[in-house]
>>> print(open('entry_1.pdb').read())   # PDB, C-alpha atoms, pLDDT in the B column
ATOM      1  CA  GLU A 227    -228.829 -47.463  12.908  1.00 82.00           C
ATOM      2  CA  ALA A 228    -226.587 -44.671  11.654  1.00 90.00           C
ATOM      3  CA  PRO A 229    -225.525 -44.785   7.990  1.00 96.00           C
ATOM      4  CA  GLN A 230    -221.930 -45.798   7.421  1.00 98.00           C
ATOM      5  CA  VAL A 231    -219.284 -45.440   4.726  1.00 98.00           C
ATOM      6  CA  ARG A 232    -216.256 -47.722   4.492  1.00 98.00           C
ATOM      7  CA  LEU A 233    -213.071 -46.207   3.096  1.00 98.00           C
ATOM      8  CA  GLU A 234    -210.765 -48.838   1.658  1.00 98.00           C
ATOM      9  CA  THR A 235    -207.358 -47.161   1.522  1.00 98.00           C
ATOM     10  CA  SER A 236    -203.853 -48.130   0.489  1.00 98.00           C
ATOM     11  CA  ALA A 237    -203.098 -48.334   4.247  1.00 97.00           C
ATOM     12  CA  GLY A 238    -206.113 -50.517   5.121  1.00 98.00           C
ATOM     13  CA  ALA A 239    -209.849 -50.016   5.615  1.00 98.00           C
ATOM     14  CA  PHE A 240    -211.801 -48.004   8.146  1.00 98.00           C
ATOM     15  CA  THR A 241    -215.490 -47.233   8.576  1.00 98.00           C
ATOM     16  CA  VAL A 242    -217.171 -43.976   9.531  1.00 98.00           C
ATOM     17  CA  GLU A 243    -220.595 -43.613  11.084  1.00 98.00           C
ATOM     18  CA  LEU A 244    -222.508 -40.556   9.865  1.00 98.00           C
ATOM     19  CA  TYR A 245    -224.453 -38.157  12.088  1.00 98.00           C
ATOM     20  CA  GLY A 246    -227.475 -37.800   9.810  1.00 96.00           C
ATOM     21  CA  ASP A 247    -229.650 -36.220  12.510  1.00 95.00           C
ATOM     22  CA  HIS A 248    -227.127 -33.465  13.241  1.00 96.00           C
ATOM     23  CA  ALA A 249    -225.823 -32.727   9.733  1.00 97.00           C
ATOM     24  CA  PRO A 250    -228.239 -34.221   7.166  1.00 97.00           C
ATOM     25  CA  ARG A 251    -227.042 -32.290   4.090  1.00 97.00           C
ATOM     26  CA  THR A 252    -223.379 -32.857   4.924  1.00 98.00           C
ATOM     27  CA  CYS A 253    -223.959 -36.589   5.448  1.00 98.00           C
ATOM     28  CA  HIS A 254    -225.967 -36.850   2.228  1.00 98.00           C
ATOM     29  CA  ASN A 255    -223.150 -35.103   0.343  1.00 98.00           C
ATOM     30  CA  PHE A 256    -220.442 -37.468   1.697  1.00 98.00           C
ATOM     31  CA  ARG A 257    -222.496 -40.634   1.220  1.00 98.00           C
ATOM     32  CA  GLU A 258    -223.650 -39.646  -2.269  1.00 98.00           C
ATOM     33  CA  LEU A 259    -220.096 -38.771  -3.373  1.00 98.00           C
ATOM     34  CA  ALA A 260    -218.979 -42.179  -2.061  1.00 98.00           C
ATOM     35  CA  LYS A 261    -221.807 -43.928  -3.964  1.00 98.00           C
ATOM     36  CA  ARG A 262    -220.842 -42.117  -7.181  1.00 98.00           C
ATOM     37  CA  GLY A 263    -217.212 -43.260  -6.898  1.00 98.00           C
ATOM     38  CA  TYR A 264    -216.076 -39.640  -6.530  1.00 98.00           C
ATOM     39  CA  TYR A 265    -213.560 -40.522  -3.795  1.00 98.00           C
ATOM     40  CA  ASP A 266    -212.159 -43.625  -5.502  1.00 98.00           C
ATOM     41  CA  GLY A 267    -208.463 -43.105  -6.283  1.00 98.00           C
ATOM     42  CA  VAL A 268    -208.318 -39.803  -4.362  1.00 98.00           C
ATOM     43  CA  VAL A 269    -205.269 -39.189  -2.137  1.00 98.00           C
ATOM     44  CA  PHE A 270    -205.007 -37.953   1.421  1.00 98.00           C
ATOM     45  CA  HIS A 271    -203.111 -34.807   0.445  1.00 98.00           C
ATOM     46  CA  ARG A 272    -202.492 -33.368   3.911  1.00 98.00           C
ATOM     47  CA  ILE A 273    -201.463 -35.208   7.051  1.00 98.00           C
ATOM     48  CA  ILE A 274    -200.321 -33.565  10.258  1.00 98.00           C
ATOM     49  CA  GLN A 275    -199.197 -35.898  13.036  1.00 97.00           C
ATOM     50  CA  ASP A 276    -201.272 -35.620  16.231  1.00 97.00           C
ATOM     51  CA  PHE A 277    -203.713 -33.304  14.414  1.00 98.00           C
ATOM     52  CA  MET A 278    -205.546 -34.746  11.401  1.00 98.00           C
ATOM     53  CA  ILE A 279    -205.568 -36.524   8.037  1.00 98.00           C
ATOM     54  CA  GLN A 280    -207.278 -34.701   5.163  1.00 98.00           C
ATOM     55  CA  GLY A 281    -208.563 -35.975   1.833  1.00 98.00           C
ATOM     56  CA  GLY A 282    -211.473 -35.850  -0.567  1.00 98.00           C
ATOM     57  CA  ASP A 283    -210.003 -33.524  -3.216  1.00 98.00           C
ATOM     58  CA  PRO A 284    -209.872 -35.243  -6.628  1.00 97.00           C
ATOM     59  CA  THR A 285    -207.208 -32.760  -7.795  1.00 97.00           C
ATOM     60  CA  GLY A 286    -204.986 -33.799  -4.881  1.00 96.00           C
ATOM     61  CA  THR A 287    -204.006 -30.162  -4.282  1.00 95.00           C
ATOM     62  CA  GLY A 288    -206.251 -29.171  -1.390  1.00 95.00           C
ATOM     63  CA  ARG A 289    -207.890 -26.530  -3.576  1.00 94.00           C
ATOM     64  CA  GLY A 290    -210.392 -28.658  -5.496  1.00 95.00           C
ATOM     65  CA  GLY A 291    -213.507 -30.727  -5.063  1.00 96.00           C
ATOM     66  CA  GLN A 292    -217.211 -30.126  -5.451  1.00 96.00           C
ATOM     67  CA  SER A 293    -220.269 -31.114  -3.472  1.00 98.00           C
ATOM     68  CA  VAL A 294    -223.338 -32.894  -4.824  1.00 97.00           C
ATOM     69  CA  TYR A 295    -225.139 -29.557  -4.476  1.00 97.00           C
ATOM     70  CA  GLY A 296    -222.833 -27.709  -6.863  1.00 91.00           C
ATOM     71  CA  ALA A 297    -219.549 -26.061  -5.978  1.00 85.00           C
ATOM     72  CA  LYS A 298    -219.996 -25.269  -2.275  1.00 95.00           C
ATOM     73  CA  PHE A 299    -222.657 -25.590   0.404  1.00 97.00           C
ATOM     74  CA  GLU A 300    -223.434 -24.113   3.806  1.00 97.00           C
ATOM     75  CA  ASP A 301    -222.059 -25.213   7.173  1.00 97.00           C
ATOM     76  CA  GLU A 302    -224.168 -27.471   9.371  1.00 97.00           C
ATOM     77  CA  ILE A 303    -222.509 -26.753  12.683  1.00 97.00           C
ATOM     78  CA  HIS A 304    -224.277 -28.431  15.581  1.00 95.00           C
ATOM     79  CA  PRO A 305    -223.536 -26.937  19.022  1.00 94.00           C
ATOM     80  CA  GLY A 306    -223.662 -30.379  20.636  1.00 94.00           C
ATOM     81  CA  LEU A 307    -220.845 -31.772  18.490  1.00 97.00           C
ATOM     82  CA  LYS A 308    -217.241 -30.931  19.367  1.00 98.00           C
ATOM     83  CA  HIS A 309    -213.794 -31.988  18.112  1.00 98.00           C
ATOM     84  CA  THR A 310    -213.179 -33.793  21.432  1.00 97.00           C
ATOM     85  CA  GLY A 311    -210.683 -36.463  20.389  1.00 98.00           C
ATOM     86  CA  ALA A 312    -209.323 -38.728  17.682  1.00 98.00           C
ATOM     87  CA  GLY A 313    -211.641 -40.108  15.024  1.00 98.00           C
ATOM     88  CA  ILE A 314    -213.963 -37.138  14.474  1.00 98.00           C
ATOM     89  CA  LEU A 315    -215.070 -36.775  10.830  1.00 98.00           C
ATOM     90  CA  SER A 316    -215.422 -33.131   9.822  1.00 98.00           C
ATOM     91  CA  MET A 317    -215.618 -31.005   6.694  1.00 98.00           C
ATOM     92  CA  ALA A 318    -212.538 -29.159   5.467  1.00 98.00           C
ATOM     93  CA  ASN A 319    -213.307 -25.665   4.221  1.00 96.00           C
ATOM     94  CA  SER A 320    -211.799 -22.354   3.165  1.00 94.00           C
ATOM     95  CA  GLY A 321    -213.987 -20.232   5.428  1.00 95.00           C
ATOM     96  CA  PRO A 322    -217.672 -20.083   6.346  1.00 96.00           C
ATOM     97  CA  ASN A 323    -220.122 -21.958   4.086  1.00 97.00           C
ATOM     98  CA  SER A 324    -217.450 -23.256   1.700  1.00 97.00           C
ATOM     99  CA  ASN A 325    -217.942 -27.024   2.019  1.00 98.00           C
ATOM    100  CA  GLY A 326    -217.248 -29.126  -1.056  1.00 98.00           C
ATOM    101  CA  SER A 327    -215.916 -32.700  -1.025  1.00 98.00           C
ATOM    102  CA  GLN A 328    -212.900 -32.375   1.269  1.00 98.00           C
ATOM    103  CA  PHE A 329    -212.997 -33.832   4.760  1.00 98.00           C
ATOM    104  CA  PHE A 330    -210.636 -34.537   7.611  1.00 98.00           C
ATOM    105  CA  ILE A 331    -210.420 -36.986  10.486  1.00 98.00           C
ATOM    106  CA  THR A 332    -208.926 -35.811  13.755  1.00 98.00           C
ATOM    107  CA  LEU A 333    -206.012 -37.591  15.427  1.00 98.00           C
ATOM    108  CA  ALA A 334    -206.386 -35.739  18.754  1.00 98.00           C
ATOM    109  CA  PRO A 335    -208.686 -33.183  20.408  1.00 98.00           C
ATOM    110  CA  THR A 336    -208.875 -30.018  18.261  1.00 97.00           C
ATOM    111  CA  PRO A 337    -211.171 -27.647  20.197  1.00 97.00           C
ATOM    112  CA  TRP A 338    -210.066 -24.581  18.168  1.00 97.00           C
ATOM    113  CA  LEU A 339    -211.972 -26.059  15.204  1.00 97.00           C
ATOM    114  CA  ASP A 340    -215.295 -26.147  17.081  1.00 97.00           C
ATOM    115  CA  GLY A 341    -217.843 -23.883  15.429  1.00 97.00           C
ATOM    116  CA  LYS A 342    -215.660 -23.492  12.318  1.00 97.00           C
ATOM    117  CA  HIS A 343    -215.922 -26.940  10.730  1.00 98.00           C
ATOM    118  CA  ALA A 344    -219.028 -29.093  10.364  1.00 98.00           C
ATOM    119  CA  ILE A 345    -218.683 -32.382  12.241  1.00 98.00           C
ATOM    120  CA  PHE A 346    -220.722 -35.066  10.506  1.00 98.00           C
ATOM    121  CA  GLY A 347    -219.495 -38.395  11.831  1.00 98.00           C
ATOM    122  CA  ARG A 348    -216.849 -40.465  13.537  1.00 98.00           C
ATOM    123  CA  VAL A 349    -214.624 -43.451  12.870  1.00 98.00           C
ATOM    124  CA  CYS A 350    -216.483 -46.464  14.248  1.00 98.00           C
ATOM    125  CA  GLU A 351    -214.153 -49.193  12.979  1.00 98.00           C
ATOM    126  CA  GLY A 352    -210.494 -49.291  11.943  1.00 98.00           C
ATOM    127  CA  MET A 353    -209.163 -46.420  14.053  1.00 98.00           C
ATOM    128  CA  ALA A 354    -205.766 -48.184  14.132  1.00 98.00           C
ATOM    129  CA  VAL A 355    -205.574 -47.674  10.347  1.00 98.00           C
ATOM    130  CA  VAL A 356    -206.329 -43.944  10.719  1.00 98.00           C
ATOM    131  CA  LYS A 357    -203.684 -43.614  13.449  1.00 98.00           C
ATOM    132  CA  ARG A 358    -201.138 -45.407  11.249  1.00 97.00           C
ATOM    133  CA  MET A 359    -201.958 -43.009   8.401  1.00 98.00           C
ATOM    134  CA  GLY A 360    -201.381 -40.107  10.783  1.00 98.00           C
ATOM    135  CA  ASN A 361    -197.813 -41.260  11.386  1.00 97.00           C
ATOM    136  CA  VAL A 362    -196.566 -41.276   7.785  1.00 97.00           C
ATOM    137  CA  HIS A 363    -193.619 -39.089   6.820  1.00 97.00           C
ATOM    138  CA  THR A 364    -194.590 -35.844   5.114  1.00 98.00           C
ATOM    139  CA  ASP A 365    -192.828 -32.994   3.341  1.00 97.00           C
ATOM    140  CA  ARG A 366    -192.738 -29.406   4.637  1.00 96.00           C
ATOM    141  CA  ASN A 367    -196.209 -28.831   3.129  1.00 96.00           C
ATOM    142  CA  ASP A 368    -197.669 -31.739   5.163  1.00 98.00           C
ATOM    143  CA  ARG A 369    -198.012 -33.849   2.008  1.00 97.00           C
ATOM    144  CA  PRO A 370    -197.289 -37.580   2.540  1.00 97.00           C
ATOM    145  CA  LEU A 371    -193.983 -38.668   0.972  1.00 97.00           C
ATOM    146  CA  SER A 372    -195.543 -42.000   0.005  1.00 94.00           C
ATOM    147  CA  GLU A 373    -198.994 -41.743  -1.528  1.00 95.00           C
ATOM    148  CA  LEU A 374    -201.939 -42.692   0.665  1.00 97.00           C
ATOM    149  CA  LYS A 375    -205.126 -43.025  -1.285  1.00 97.00           C
ATOM    150  CA  ILE A 376    -208.734 -44.098  -1.075  1.00 98.00           C
ATOM    151  CA  LEU A 377    -208.985 -47.128  -3.318  1.00 98.00           C
ATOM    152  CA  ARG A 378    -212.735 -47.350  -2.894  1.00 98.00           C
ATOM    153  CA  ALA A 379    -215.406 -45.657  -0.787  1.00 98.00           C
ATOM    154  CA  VAL A 380    -218.440 -47.831  -0.124  1.00 98.00           C
ATOM    155  CA  ALA A 381    -221.760 -46.624   1.312  1.00 97.00           C
ATOM    156  CA  LEU A 382    -222.916 -49.421   3.629  1.00 96.00           C
TER     157      LEU A 382
END
>>> encode(input="entry_1.pdb", output="structure tokens")
Amino acid sequence: EAPQVRLETSAGAFTVELYGDHAPRTCHNFRELAKRGYYDGVVFHRIIQDFMIQGGDPTGTGRGGQSVYGAKFEDEIHPGLKHTGAGILSMANSGPNSNGSQFFITLAPTPWLDGKHAIFGRVCEGMAVVKRMGNVHTDRNDRPLSELKILRAVAL
């Protein structure tokens, strides 16, 4: 059975299933950060309706966050995994091999991200919560007007 992490957020809980066979280092990073409480209290700082919700930066700015391997680590892009629809869990980055702690979950197909962002899981429970989060009002910088945060991340 695939490893899972439950994200208990201020909007409700959802669970992601991790693709350990396809992206082992990326999955280890996410699960380990969850176990360490790294994501607890961290906001979803960027939400774009019909595109994605992004979080995982403890500074809340979109410019911070570190991996368990140090600052950044390499992409694990698997050719068989594509951003085909809503609920895909993928690493946010600032260019090739710049993964840290930030991640996003798609709200629709995003094929232009294929080969650029490492997919490492999918929402397996609570997709209605993710969709609700994707509909919050945001400012012109895509920042939610009312704070949405991860209260607790639990490795199952």
>>> residues_near_point(input="entry_1.pdb", point="(-219.3, -29.8, -6.5)", cutoff="12 Å", atoms="all atoms listed in the file", output="list in words")
Asn255, Phe256, Glu258, Leu259, Tyr264, Gly282, Asp283, Pro284, Gly290, Gly291, Gln292, Ser293, Val294, Tyr295, Gly296, Ala297, Lys298, Phe299, Ser324, Asn325, Gly326, Ser327 and Gln328 of chain A
>>> residues_near_point(input="entry_1.pdb", point="(-224.7, -26.2, 17.6)", cutoff="10 Å", atoms="all atoms listed in the file", output="number ranges by chain")
A: 248, 302-308, 340-341, 344
>>> residues_around(input="entry_1.pdb", residues="Asp301 of chain A", least_positions_apart="3", cutoff="9 Å", atoms="all atoms listed in the file", output="ChimeraX atom specification")
/A:249,252,317,322-325,342-344
>>> resolve_selection(input="entry_1.pdb", expression="the PyMOL selection byres ((chain A and resi 345) around 6)", output="short mmCIF file (atom, residue, chain, number, x, y, z; two decimals) with C-alpha atoms, keeping the file's coordinate frame")
data_model
loop_
_atom_site.label_atom_id
_atom_site.label_comp_id
_atom_site.auth_asym_id
_atom_site.auth_seq_id
_atom_site.Cartn_x
_atom_site.Cartn_y
_atom_site.Cartn_z
CA LEU A 315 -215.07 -36.78 10.83
CA SER A 316 -215.42 -33.13 9.82
CA ALA A 344 -219.03 -29.09 10.36
CA PHE A 346 -220.72 -35.07 10.51
#
>>> resolve_selection(input="entry_1.pdb", expression="the PyMOL selection byres ((chain A and resi 281) around 12)", output="PyMOL selection string")
chain A and resi 233+235+256+264-273+278-280+282-291+315-319+326-332+359+369-370+373-376
>>> build_atoms(input="entry_1.pdb", residues="segment 274-290 of chain A", atoms="N, CA and C atoms", output="tab-separated table (two decimals), keeping the file's coordinate frame")
chain	number	residue	atom	x	y	z
A	274	ILE	N	-201.10	-34.21	9.20
A	274	ILE	CA	-200.32	-33.56	10.26
A	274	ILE	C	-200.41	-34.45	11.50
A	275	GLN	N	-199.25	-34.98	11.89
A	275	GLN	CA	-199.20	-35.90	13.04
A	275	GLN	C	-199.82	-35.26	14.27
A	276	ASP	N	-200.58	-36.06	15.01
A	276	ASP	CA	-201.27	-35.62	16.23
A	276	ASP	C	-202.27	-34.50	15.99
A	277	PHE	N	-202.70	-34.32	14.73
A	277	PHE	CA	-203.71	-33.30	14.41
A	277	PHE	C	-204.80	-33.92	13.55
A	278	MET	N	-204.50	-34.21	12.26
A	278	MET	CA	-205.55	-34.75	11.40
A	278	MET	C	-205.00	-35.29	10.08
A	279	ILE	N	-205.83	-36.09	9.41
A	279	ILE	CA	-205.57	-36.52	8.04
A	279	ILE	C	-206.67	-35.92	7.17
A	280	GLN	N	-206.30	-35.39	6.02
A	280	GLN	CA	-207.28	-34.70	5.16
A	280	GLN	C	-207.25	-35.27	3.76
A	281	GLY	N	-208.44	-35.46	3.19
A	281	GLY	CA	-208.56	-35.98	1.83
A	281	GLY	C	-209.85	-35.50	1.20
A	282	GLY	N	-210.21	-36.15	0.09
A	282	GLY	CA	-211.47	-35.85	-0.57
A	282	GLY	C	-211.40	-34.88	-1.73
A	283	ASP	N	-210.18	-34.44	-2.09
A	283	ASP	CA	-210.00	-33.52	-3.22
A	283	ASP	C	-209.48	-34.30	-4.42
A	284	PRO	N	-210.32	-34.46	-5.47
A	284	PRO	CA	-209.87	-35.24	-6.63
A	284	PRO	C	-208.67	-34.64	-7.36
A	285	THR	N	-208.39	-33.35	-7.15
A	285	THR	CA	-207.21	-32.76	-7.80
A	285	THR	C	-205.95	-33.07	-6.99
A	286	GLY	N	-206.12	-33.48	-5.73
A	286	GLY	CA	-204.99	-33.80	-4.88
A	286	GLY	C	-204.21	-32.59	-4.40
A	287	THR	N	-204.73	-31.39	-4.62
A	287	THR	CA	-204.01	-30.16	-4.28
A	287	THR	C	-204.46	-29.53	-2.98
A	288	GLY	N	-205.68	-29.85	-2.55
A	288	GLY	CA	-206.25	-29.17	-1.39
A	288	GLY	C	-207.07	-27.96	-1.79
A	289	ARG	N	-207.14	-27.69	-3.09
A	289	ARG	CA	-207.89	-26.53	-3.58
A	289	ARG	C	-209.11	-26.93	-4.41
A	290	GLY	N	-209.32	-28.21	-4.61
A	290	GLY	CA	-210.39	-28.66	-5.50
A	290	GLY	C	-211.51	-29.38	-4.78
